[in-house]
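Structure first, commentary second.
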2 protein chains.
Amino acid sequence: MQWRELGDQPCSFSRTLAVIGDRWSLMILRDCFMKVRRFDEFHDRLGIGRPILTDRLKKLVDNFVLTKVAYQQHPIRHEYRLTQKGLDLYPVVMAIVHWGDVHMADRKGRPLLHHHLTCGHDFDPVLACSECRAEVGPREVTIRPGPGARNAVHLPPAAAPAAPRRRRVKAA
Amino acid sequence: MQWRELGDQPCSFSRTLAVIGDRWSLMILRDCFMKVRRFDEFHDRLGIGRPILTDRLKKLVDNFVLTKVAYQQHPIRHEYRLTQKGLDLYPVVMAIVHWGDVHMADRKGRPLLHHHLTCGHDFDPVLACSECRAEVGPREVTIRPGPGARNAVHLPPAAAPAAPRRRRVKAA
DNA sequence: CACGACAGTTGTGAAATAGAACCCTGGCCG
DNA sequence: CGGCCAGGGTTCTATTTCACAACTGTCGTG
């Protein structure tokens, strides 16, 4: 399977990866949330090759995650800003950062602290249920096909009992 | 910058990407959360080349995201299971899925629904503050260096006022 | 009018990938 | 007891993508 086929799957995860699922797109987005906006600034901070940066920025703009805004005429210069669609990636970025904080920090601790202006505390991002606000873990969730399901390929065995695990151990 | 250098940066985001930041690792993880465990099952569902699958599974095992468990002797066969470190990636996966649900679903709607067993409702994952439980958006958060910071490279201009944006428009 | 800032484009060689084919272990089947 | 099958890989090659360096072009300024 190639990159471009990913976006055609009936799976929100694949479709998202088709847009932001490569190393540089995600690094660019991280910087976007840190108020980085200009080509050279991305280039300097990321240590990325210019052609790749051009390509990724273009893809993100084409997918409406970023938008190009002129910040001056003479010569015309643009900066890249997050759209609402891009801003909505904040939970993804925060979840990734938090996992790194917990599992990949060195002895000295996490490189950054996040401060919640609304409540005034340093905080960790938590995955919560939109209905009951409790923290949600993988064990407390089941999935079933939604209106956009096209087939059962992406459902787990538990939700698709028609395809039981055929193990060839002793029985069967 | 190459892949392997990513993990050395003083940035939780980069370090996380060094472990899970490629297309196939993330797709494998998605399937892990859907109870997929075996080599051939990953292979069939993902449409991935066997050599790449071998490589990615090995990397995930080396990074303690997955662990290899024998499920039978004679011949010995293993399955891949999420470790706690791997299970902790649930918020990342859910955040990605949710973004896809909101922004990449086709007319028919989202392919999967998530049901929270604890409260009994279908739900959306929400990024909440660990301290006040309110939903958190990018505008309500500031960041500052933590104990593991090595330099200011990864801080935004707002948090590193020593490096003001030098724009060369009219003034300056 | 040379120089520097910004924002790219064009090359070229090095690395990663896709896809098919092959290998190994050990049951099971006739 | 020879062949076949399943599971889980490894080897091989052609293609794609990437990294890195150099070059282009527009202005504005000294």
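Chain labels run A, B, ... following the order of the structure tokens; each chain numbers its residues from 1, and ligands are numbered from 1 in the order shown.
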
Mind fitting chain A to chain B by least squares on all Cα atoms in order and giving back the moved coordinates as a PDB file with C-alpha atoms, in the first residue's frame?
ATOM      1  CA  MET A   1      17.968  15.633   9.923  1.00  0.00           C
ATOM      2  CA  GLN A   2      17.545  11.886   9.806  1.00  0.00           C
ATOM      3  CA  TRP A   3      15.121   9.711  11.673  1.00  0.00           C
ATOM      4  CA  ARG A   4      17.575   8.568  14.296  1.00  0.00           C
ATOM      5  CA  GLU A   5      18.570  12.101  15.273  1.00  0.00           C
ATOM      6  CA  LEU A   6      14.977  12.895  16.145  1.00  0.00           C
ATOM      7  CA  GLY A   7      15.065  10.945  19.359  1.00  0.00           C
ATOM      8  CA  ASP A   8      17.998  12.934  20.712  1.00  0.00           C
ATOM      9  CA  GLN A   9      16.219  16.262  20.737  1.00  0.00           C
ATOM     10  CA  PRO A  10      15.141  17.816  24.007  1.00  0.00           C
ATOM     11  CA  CYS A  11      11.546  17.647  22.877  1.00  0.00           C
ATOM     12  CA  SER A  12       8.982  15.114  23.943  1.00  0.00           C
ATOM     13  CA  PHE A  13       7.282  15.423  20.625  1.00  0.00           C
ATOM     14  CA  SER A  14      10.369  14.549  18.604  1.00  0.00           C
ATOM     15  CA  ARG A  15      11.222  11.709  20.900  1.00  0.00           C
ATOM     16  CA  THR A  16       7.779  10.255  20.548  1.00  0.00           C
ATOM     17  CA  LEU A  17       7.917  10.548  16.800  1.00  0.00           C
ATOM     18  CA  ALA A  18      11.223   8.755  16.807  1.00  0.00           C
ATOM     19  CA  VAL A  19       9.350   5.746  18.182  1.00  0.00           C
ATOM     20  CA  ILE A  20       5.920   5.857  16.578  1.00  0.00           C
ATOM     21  CA  GLY A  21       6.159   8.645  14.042  1.00  0.00           C
ATOM     22  CA  ASP A  22       5.975   6.742  10.832  1.00  0.00           C
ATOM     23  CA  ARG A  23       3.024   5.634   8.877  1.00  0.00           C
ATOM     24  CA  TRP A  24       3.305   1.922   9.500  1.00  0.00           C
ATOM     25  CA  SER A  25       4.067   2.035  13.190  1.00  0.00           C
ATOM     26  CA  LEU A  26       0.951   4.076  13.735  1.00  0.00           C
ATOM     27  CA  MET A  27      -1.163   1.785  11.579  1.00  0.00           C
ATOM     28  CA  ILE A  28       0.153  -1.205  13.487  1.00  0.00           C
ATOM     29  CA  LEU A  29      -0.769   0.486  16.743  1.00  0.00           C
ATOM     30  CA  ARG A  30      -4.241   1.237  15.503  1.00  0.00           C
ATOM     31  CA  ASP A  31      -4.680  -2.461  14.852  1.00  0.00           C
ATOM     32  CA  CYS A  32      -3.193  -3.370  18.203  1.00  0.00           C
ATOM     33  CA  PHE A  33      -5.966  -1.408  19.884  1.00  0.00           C
ATOM     34  CA  MET A  34      -8.359  -3.461  17.801  1.00  0.00           C
ATOM     35  CA  LYS A  35      -6.991  -6.662  19.280  1.00  0.00           C
ATOM     36  CA  VAL A  36      -4.874  -7.640  16.334  1.00  0.00           C
ATOM     37  CA  ARG A  37      -1.859  -9.561  17.561  1.00  0.00           C
ATOM     38  CA  ARG A  38      -0.331 -11.796  14.909  1.00  0.00           C
ATOM     39  CA  PHE A  39       2.123 -11.212  12.154  1.00  0.00           C
ATOM     40  CA  ASP A  40      -0.054 -12.470   9.350  1.00  0.00           C
ATOM     41  CA  GLU A  41      -3.070 -10.695  10.686  1.00  0.00           C
ATOM     42  CA  PHE A  42      -1.232  -7.380  10.602  1.00  0.00           C
ATOM     43  CA  HIS A  43       0.026  -8.268   7.187  1.00  0.00           C
ATOM     44  CA  ASP A  44      -3.405  -9.038   5.801  1.00  0.00           C
ATOM     45  CA  ARG A  45      -5.182  -6.072   7.344  1.00  0.00           C
ATOM     46  CA  LEU A  46      -2.560  -3.478   6.586  1.00  0.00           C
ATOM     47  CA  GLY A  47      -1.504  -4.580   3.142  1.00  0.00           C
ATOM     48  CA  ILE A  48       2.031  -3.901   4.255  1.00  0.00           C
ATOM     49  CA  GLY A  49       5.156  -5.524   2.894  1.00  0.00           C
ATOM     50  CA  ARG A  50       6.460  -8.304   5.087  1.00  0.00           C
ATOM     51  CA  PRO A  51       9.959  -6.888   5.460  1.00  0.00           C
ATOM     52  CA  ILE A  52       8.591  -3.552   6.621  1.00  0.00           C
ATOM     53  CA  LEU A  53       6.212  -5.216   9.019  1.00  0.00           C
ATOM     54  CA  THR A  54       9.083  -7.230  10.478  1.00  0.00           C
ATOM     55  CA  ASP A  55      11.121  -4.100  10.880  1.00  0.00           C
ATOM     56  CA  ARG A  56       8.376  -2.038  12.487  1.00  0.00           C
ATOM     57  CA  LEU A  57       7.314  -4.741  14.885  1.00  0.00           C
ATOM     58  CA  LYS A  58      10.907  -5.163  15.920  1.00  0.00           C
ATOM     59  CA  LYS A  59      11.303  -1.435  16.501  1.00  0.00           C
ATOM     60  CA  LEU A  60       8.138  -1.302  18.558  1.00  0.00           C
ATOM     61  CA  VAL A  61       9.294  -4.263  20.615  1.00  0.00           C
ATOM     62  CA  ASP A  62      12.748  -2.719  21.057  1.00  0.00           C
ATOM     63  CA  ASN A  63      11.071   0.418  22.342  1.00  0.00           C
ATOM     64  CA  PHE A  64       8.878  -1.527  24.756  1.00  0.00           C
ATOM     65  CA  VAL A  65       5.664  -0.454  23.084  1.00  0.00           C
ATOM     66  CA  LEU A  66       4.869  -4.027  22.125  1.00  0.00           C
ATOM     67  CA  THR A  67       6.008  -7.272  23.620  1.00  0.00           C
ATOM     68  CA  LYS A  68       6.348 -10.656  22.025  1.00  0.00           C
ATOM     69  CA  VAL A  69       4.482 -13.403  23.852  1.00  0.00           C
ATOM     70  CA  ALA A  70       4.504 -17.064  22.939  1.00  0.00           C
ATOM     71  CA  TYR A  71       0.984 -18.314  22.447  1.00  0.00           C
ATOM     72  CA  GLN A  72       1.981 -21.882  21.572  1.00  0.00           C
ATOM     73  CA  GLN A  73       4.957 -24.237  21.450  1.00  0.00           C
ATOM     74  CA  HIS A  74       5.488 -26.770  18.639  1.00  0.00           C
ATOM     75  CA  PRO A  75       6.123 -24.796  16.584  1.00  0.00           C
ATOM     76  CA  ILE A  76       6.771 -21.851  18.798  1.00  0.00           C
ATOM     77  CA  ARG A  77       4.655 -18.920  17.735  1.00  0.00           C
ATOM     78  CA  HIS A  78       4.490 -15.451  19.150  1.00  0.00           C
ATOM     79  CA  GLU A  79       1.981 -12.710  19.247  1.00  0.00           C
ATOM     80  CA  TYR A  80       2.518  -9.042  19.741  1.00  0.00           C
ATOM     81  CA  ARG A  81       0.789  -7.335  22.617  1.00  0.00           C
ATOM     82  CA  LEU A  82       0.713  -3.798  23.831  1.00  0.00           C
ATOM     83  CA  THR A  83       2.730  -3.110  26.962  1.00  0.00           C
ATOM     84  CA  GLN A  84       1.574  -0.487  29.423  1.00  0.00           C
ATOM     85  CA  LYS A  85       3.740   1.949  27.517  1.00  0.00           C
ATOM     86  CA  GLY A  86       1.879   0.951  24.393  1.00  0.00           C
ATOM     87  CA  LEU A  87      -1.518   1.150  26.057  1.00  0.00           C
ATOM     88  CA  ASP A  88      -0.629   4.687  27.085  1.00  0.00           C
ATOM     89  CA  LEU A  89      -0.702   5.592  23.411  1.00  0.00           C
ATOM     90  CA  TYR A  90      -4.474   5.267  23.478  1.00  0.00           C
ATOM     91  CA  PRO A  91      -5.026   9.031  23.730  1.00  0.00           C
ATOM     92  CA  VAL A  92      -2.830   9.552  20.686  1.00  0.00           C
ATOM     93  CA  VAL A  93      -4.723   7.004  18.649  1.00  0.00           C
ATOM     94  CA  MET A  94      -8.092   8.290  19.783  1.00  0.00           C
ATOM     95  CA  ALA A  95      -7.162  11.886  19.062  1.00  0.00           C
ATOM     96  CA  ILE A  96      -6.135  10.934  15.542  1.00  0.00           C
ATOM     97  CA  VAL A  97      -9.297   8.935  14.960  1.00  0.00           C
ATOM     98  CA  HIS A  98     -11.459  11.721  16.292  1.00  0.00           C
ATOM     99  CA  TRP A  99      -9.859  14.310  14.050  1.00  0.00           C
ATOM    100  CA  GLY A 100     -10.491  12.028  11.102  1.00  0.00           C
ATOM    101  CA  ASP A 101     -14.106  11.570  12.207  1.00  0.00           C
ATOM    102  CA  VAL A 102     -14.640  15.295  12.315  1.00  0.00           C
ATOM    103  CA  HIS A 103     -12.654  16.417   9.311  1.00  0.00           C
ATOM    104  CA  MET A 104     -12.180  13.519   6.968  1.00  0.00           C
ATOM    105  CA  ALA A 105     -15.438  11.554   7.126  1.00  0.00           C
ATOM    106  CA  ASP A 106     -17.367  11.216   3.884  1.00  0.00           C
ATOM    107  CA  ARG A 107     -21.047  12.090   3.487  1.00  0.00           C
ATOM    108  CA  LYS A 108     -22.146   8.869   5.109  1.00  0.00           C
ATOM    109  CA  GLY A 109     -20.537   9.729   8.406  1.00  0.00           C
ATOM    110  CA  ARG A 110     -17.863   8.195  10.546  1.00  0.00           C
ATOM    111  CA  PRO A 111     -16.824   4.605   9.978  1.00  0.00           C
ATOM    112  CA  LEU A 112     -16.759   3.675  13.658  1.00  0.00           C
ATOM    113  CA  LEU A 113     -18.605   4.624  16.803  1.00  0.00           C
ATOM    114  CA  HIS A 114     -16.974   4.488  20.211  1.00  0.00           C
ATOM    115  CA  HIS A 115     -18.983   3.329  23.171  1.00  0.00           C
ATOM    116  CA  HIS A 116     -17.937   4.125  26.715  1.00  0.00           C
ATOM    117  CA  LEU A 117     -18.764   1.115  28.866  1.00  0.00           C
ATOM    118  CA  THR A 118     -18.409   3.071  32.078  1.00  0.00           C
ATOM    119  CA  CYS A 119     -21.131   5.576  31.325  1.00  0.00           C
ATOM    120  CA  GLY A 120     -22.997   3.706  28.644  1.00  0.00           C
ATOM    121  CA  HIS A 121     -22.899   6.360  25.936  1.00  0.00           C
ATOM    122  CA  ASP A 122     -21.382   6.689  22.524  1.00  0.00           C
ATOM    123  CA  PHE A 123     -18.794   9.394  22.963  1.00  0.00           C
ATOM    124  CA  ASP A 124     -16.134  11.555  21.456  1.00  0.00           C
ATOM    125  CA  PRO A 125     -12.709  11.808  23.009  1.00  0.00           C
ATOM    126  CA  VAL A 126     -12.022  15.213  24.516  1.00  0.00           C
ATOM    127  CA  LEU A 127      -8.731  16.726  25.571  1.00  0.00           C
ATOM    128  CA  ALA A 128      -9.174  17.783  29.182  1.00  0.00           C
ATOM    129  CA  CYS A 129      -7.037  19.508  31.779  1.00  0.00           C
ATOM    130  CA  SER A 130      -5.818  17.133  34.472  1.00  0.00           C
ATOM    131  CA  GLU A 131      -6.365  19.825  37.101  1.00  0.00           C
ATOM    132  CA  CYS A 132      -9.757  21.329  36.335  1.00  0.00           C
ATOM    133  CA  ARG A 133     -11.194  18.753  33.897  1.00  0.00           C
ATOM    134  CA  ALA A 134     -12.281  21.449  31.457  1.00  0.00           C
ATOM    135  CA  GLU A 135     -11.716  20.937  27.771  1.00  0.00           C
ATOM    136  CA  VAL A 136      -8.434  22.509  26.710  1.00  0.00           C
ATOM    137  CA  GLY A 137      -7.759  24.385  23.482  1.00  0.00           C
ATOM    138  CA  PRO A 138      -4.530  25.806  22.133  1.00  0.00           C
ATOM    139  CA  ARG A 139      -5.441  29.375  23.039  1.00  0.00           C
ATOM    140  CA  GLU A 140      -5.764  28.596  26.737  1.00  0.00           C
ATOM    141  CA  VAL A 141      -2.316  27.178  27.208  1.00  0.00           C
ATOM    142  CA  THR A 142       1.126  28.665  27.594  1.00  0.00           C
ATOM    143  CA  ILE A 143       4.326  26.736  27.798  1.00  0.00           C
ATOM    144  CA  ARG A 144       7.563  27.321  29.605  1.00  0.00           C
ATOM    145  CA  PRO A 145      10.772  25.388  29.960  1.00  0.00           C
ATOM    146  CA  GLY A 146      10.667  22.431  32.271  1.00  0.00           C
ATOM    147  CA  PRO A 147      13.445  20.730  34.192  1.00  0.00           C
ATOM    148  CA  GLY A 148      14.573  18.791  31.127  1.00  0.00           C
ATOM    149  CA  ALA A 149      14.989  21.831  28.867  1.00  0.00           C
ATOM    150  CA  ARG A 150      18.452  22.091  27.359  1.00  0.00           C
ATOM    151  CA  ASN A 151      18.083  25.322  25.426  1.00  0.00           C
ATOM    152  CA  ALA A 152      15.446  27.637  24.038  1.00  0.00           C
ATOM    153  CA  VAL A 153      15.401  26.305  20.506  1.00  0.00           C
ATOM    154  CA  HIS A 154      12.097  24.627  20.969  1.00  0.00           C
ATOM    155  CA  LEU A 155      10.364  27.420  22.737  1.00  0.00           C
ATOM    156  CA  PRO A 156       8.161  29.786  20.799  1.00  0.00           C
ATOM    157  CA  PRO A 157       8.982  33.460  20.497  1.00  0.00           C
ATOM    158  CA  ALA A 158       6.312  34.310  23.072  1.00  0.00           C
ATOM    159  CA  ALA A 159       8.129  32.299  25.718  1.00  0.00           C
ATOM    160  CA  ALA A 160      11.588  33.404  24.590  1.00  0.00           C
ATOM    161  CA  PRO A 161      11.342  37.192  24.325  1.00  0.00           C
ATOM    162  CA  ALA A 162      15.095  37.402  24.000  1.00  0.00           C
ATOM    163  CA  ALA A 163      14.664  36.520  20.322  1.00  0.00           C
ATOM    164  CA  PRO A 164      12.076  38.948  18.963  1.00  0.00           C
ATOM    165  CA  ARG A 165      10.789  38.491  15.461  1.00  0.00           C
ATOM    166  CA  ARG A 166      13.050  40.648  13.338  1.00  0.00           C
ATOM    167  CA  ARG A 167      10.907  41.744  10.468  1.00  0.00           C
ATOM    168  CA  ARG A 168      12.475  44.010   7.963  1.00  0.00           C
ATOM    169  CA  VAL A 169       9.390  45.805   6.763  1.00  0.00           C
ATOM    170  CA  LYS A 170       9.700  49.530   7.354  1.00  0.00           C
ATOM    171  CA  ALA A 171      11.209  49.918  10.761  1.00  0.00           C
ATOM    172  CA  ALA A 172      14.494  48.344  11.844  1.00  0.00           C
TER     173      ALA A 172
END

> Which parts of chain B does DSSP call alpha helix (DSSP H) when run on the backbone here, written out as a ChimeraX atom specification?
Replying inline: /B:3-6,12-20,23-32,39-46,50-62,84-87,90-103

> Could you write out, as number ranges by chain, all the residues of stretch 44-145 of chain A that DSSP marks as strand (DSSP E)?
Replying inline: A: 66-72, 77-82, 112-116, 121-122, 125-129, 141-145

Considering only C-alpha atoms (C1' of nucleotides), tabulate each residue of chain C that lies at most 9 Å from chain B along with its nearest interatomic pair and the corresponding distance in Å to one decimal; arrange the rows by chain and ascending residue number and present them as a tab-separated table.
residue	atom	partner	partner_atom	distance
C:DA5	C1'	B:Arg168	CA	8.3
C:DT17	C1'	B:Ile52	CA	7.9
C:DA18	C1'	B:Gly49	CA	6.5
C:DG19	C1'	B:Gly49	CA	7.0
C:DT25	C1'	B:Pro75	CA	6.2
C:DG26	C1'	B:Pro75	CA	5.3
C:DG27	C1'	B:His74	CA	7.7

> Expressed in Å to a single decimal, how great is the separation between atom C1' of D:DG9 and atom C1' of C:DC28?
Replying inline: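 Computing it gives 21.8 Å between the two atoms.
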
> atom C1' of C:DG11 and atom C1' of D:DG25, how far apart in Å?
Replying inline: 17.5 Å

> Which one is closest to chain A: D:DC23, D:DT29, D:DA6, D:DT13? Count only C-alpha atoms (C1' of nucleotides).
Replying inline: D:DA6

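Residue-level contacts from chain D to chain B at 10 Å, counting only C-alpha atoms (C1' of nucleotides), read D:DA6, D:DG7, D:DG8, D:DG9, D:DT10, D:DT11, D:DC18, D:DA19, D:DC20, D:DG28.
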
Selected residues written out with N, CA, C and O atoms (P, O5', C5', C4', C3', O3' and C1' of nucleotides), as a short mmCIF file (atom, residue, chain, number, x, y, z; two decimals), in the first residue's frame:
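Wrote result-v8.cif, looks like this:
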data_model
loop_
_atom_site.label_atom_id
_atom_site.label_comp_id
_atom_site.auth_asym_id
_atom_site.auth_seq_id
_atom_site.Cartn_x
_atom_site.Cartn_y
_atom_site.Cartn_z
P DA D 6 -3.04 -22.91 4.59
"O5'" DA D 6 -2.34 -22.69 6.01
"C5'" DA D 6 -2.87 -23.36 7.17
"C4'" DA D 6 -2.09 -22.85 8.37
"C3'" DA D 6 -1.92 -21.33 8.33
"O3'" DA D 6 -2.18 -20.81 9.62
"C1'" DA D 6 0.22 -22.41 8.40
P DG D 7 -2.18 -19.24 9.89
"O5'" DG D 7 -0.77 -19.01 10.55
"C5'" DG D 7 -0.45 -19.71 11.75
"C4'" DG D 7 0.98 -19.42 12.11
"C3'" DG D 7 1.30 -17.92 12.10
"O3'" DG D 7 1.98 -17.64 13.31
"C1'" DG D 7 2.84 -19.10 10.74
P DG D 8 2.25 -16.15 13.70
"O5'" DG D 8 3.71 -15.95 13.09
"C5'" DG D 8 4.80 -16.62 13.71
"C4'" DG D 8 6.05 -16.36 12.92
"C3'" DG D 8 6.35 -14.87 12.64
"O3'" DG D 8 7.72 -14.61 12.92
"C1'" DG D 8 6.53 -16.12 10.71
P DG D 9 8.14 -13.20 13.51
"O5'" DG D 9 8.49 -12.18 12.37
"C5'" DG D 9 8.81 -12.37 11.04
"C4'" DG D 9 9.90 -13.33 10.74
"C3'" DG D 9 11.01 -12.71 9.94
"O3'" DG D 9 12.27 -12.78 10.61
"C1'" DG D 9 10.03 -14.56 8.77
P DT D 10 13.44 -11.83 9.98
"O5'" DT D 10 13.94 -12.57 8.66
"C5'" DT D 10 14.92 -13.60 8.74
"C4'" DT D 10 15.44 -13.90 7.33
"C3'" DT D 10 16.32 -12.79 6.72
"O3'" DT D 10 17.44 -13.41 6.11
"C1'" DT D 10 14.52 -13.29 5.28
P DT D 11 18.64 -12.47 5.57
"O5'" DT D 11 18.66 -12.70 3.98
"C5'" DT D 11 17.80 -13.64 3.37
"C4'" DT D 11 17.88 -13.56 1.85
"C3'" DT D 11 18.77 -12.47 1.23
"O3'" DT D 11 19.29 -12.98 0.01
"C1'" DT D 11 16.51 -12.08 0.61
P DC D 18 9.38 11.39 1.57
"O5'" DC D 18 10.95 11.60 1.74
"C5'" DC D 18 11.71 10.48 2.04
"C4'" DC D 18 13.14 10.84 2.41
"C3'" DC D 18 13.38 12.23 2.96
"O3'" DC D 18 14.14 12.09 4.14
"C1'" DC D 18 14.74 11.82 1.02
P DA D 19 14.70 13.38 4.92
"O5'" DA D 19 16.15 13.56 4.29
"C5'" DA D 19 17.17 12.62 4.56
"C4'" DA D 19 18.52 13.15 4.10
"C3'" DA D 19 18.88 14.53 4.65
"O3'" DA D 19 20.22 14.49 5.07
"C1'" DA D 19 18.90 14.57 2.26
P DC D 20 20.83 15.73 5.84
"O5'" DC D 20 21.64 16.48 4.71
"C5'" DC D 20 22.49 15.73 3.82
"C4'" DC D 20 22.93 16.61 2.66
"C3'" DC D 20 23.16 18.08 3.04
"O3'" DC D 20 24.48 18.42 2.69
"C1'" DC D 20 21.90 17.91 1.06
P DG D 28 10.69 46.82 -2.35
"O5'" DG D 28 11.94 46.41 -1.46
"C5'" DG D 28 11.71 45.88 -0.16
"C4'" DG D 28 12.76 46.46 0.76
"C3'" DG D 28 12.82 47.98 0.70
"O3'" DG D 28 13.02 48.44 2.04
"C1'" DG D 28 14.86 47.01 -0.15
#
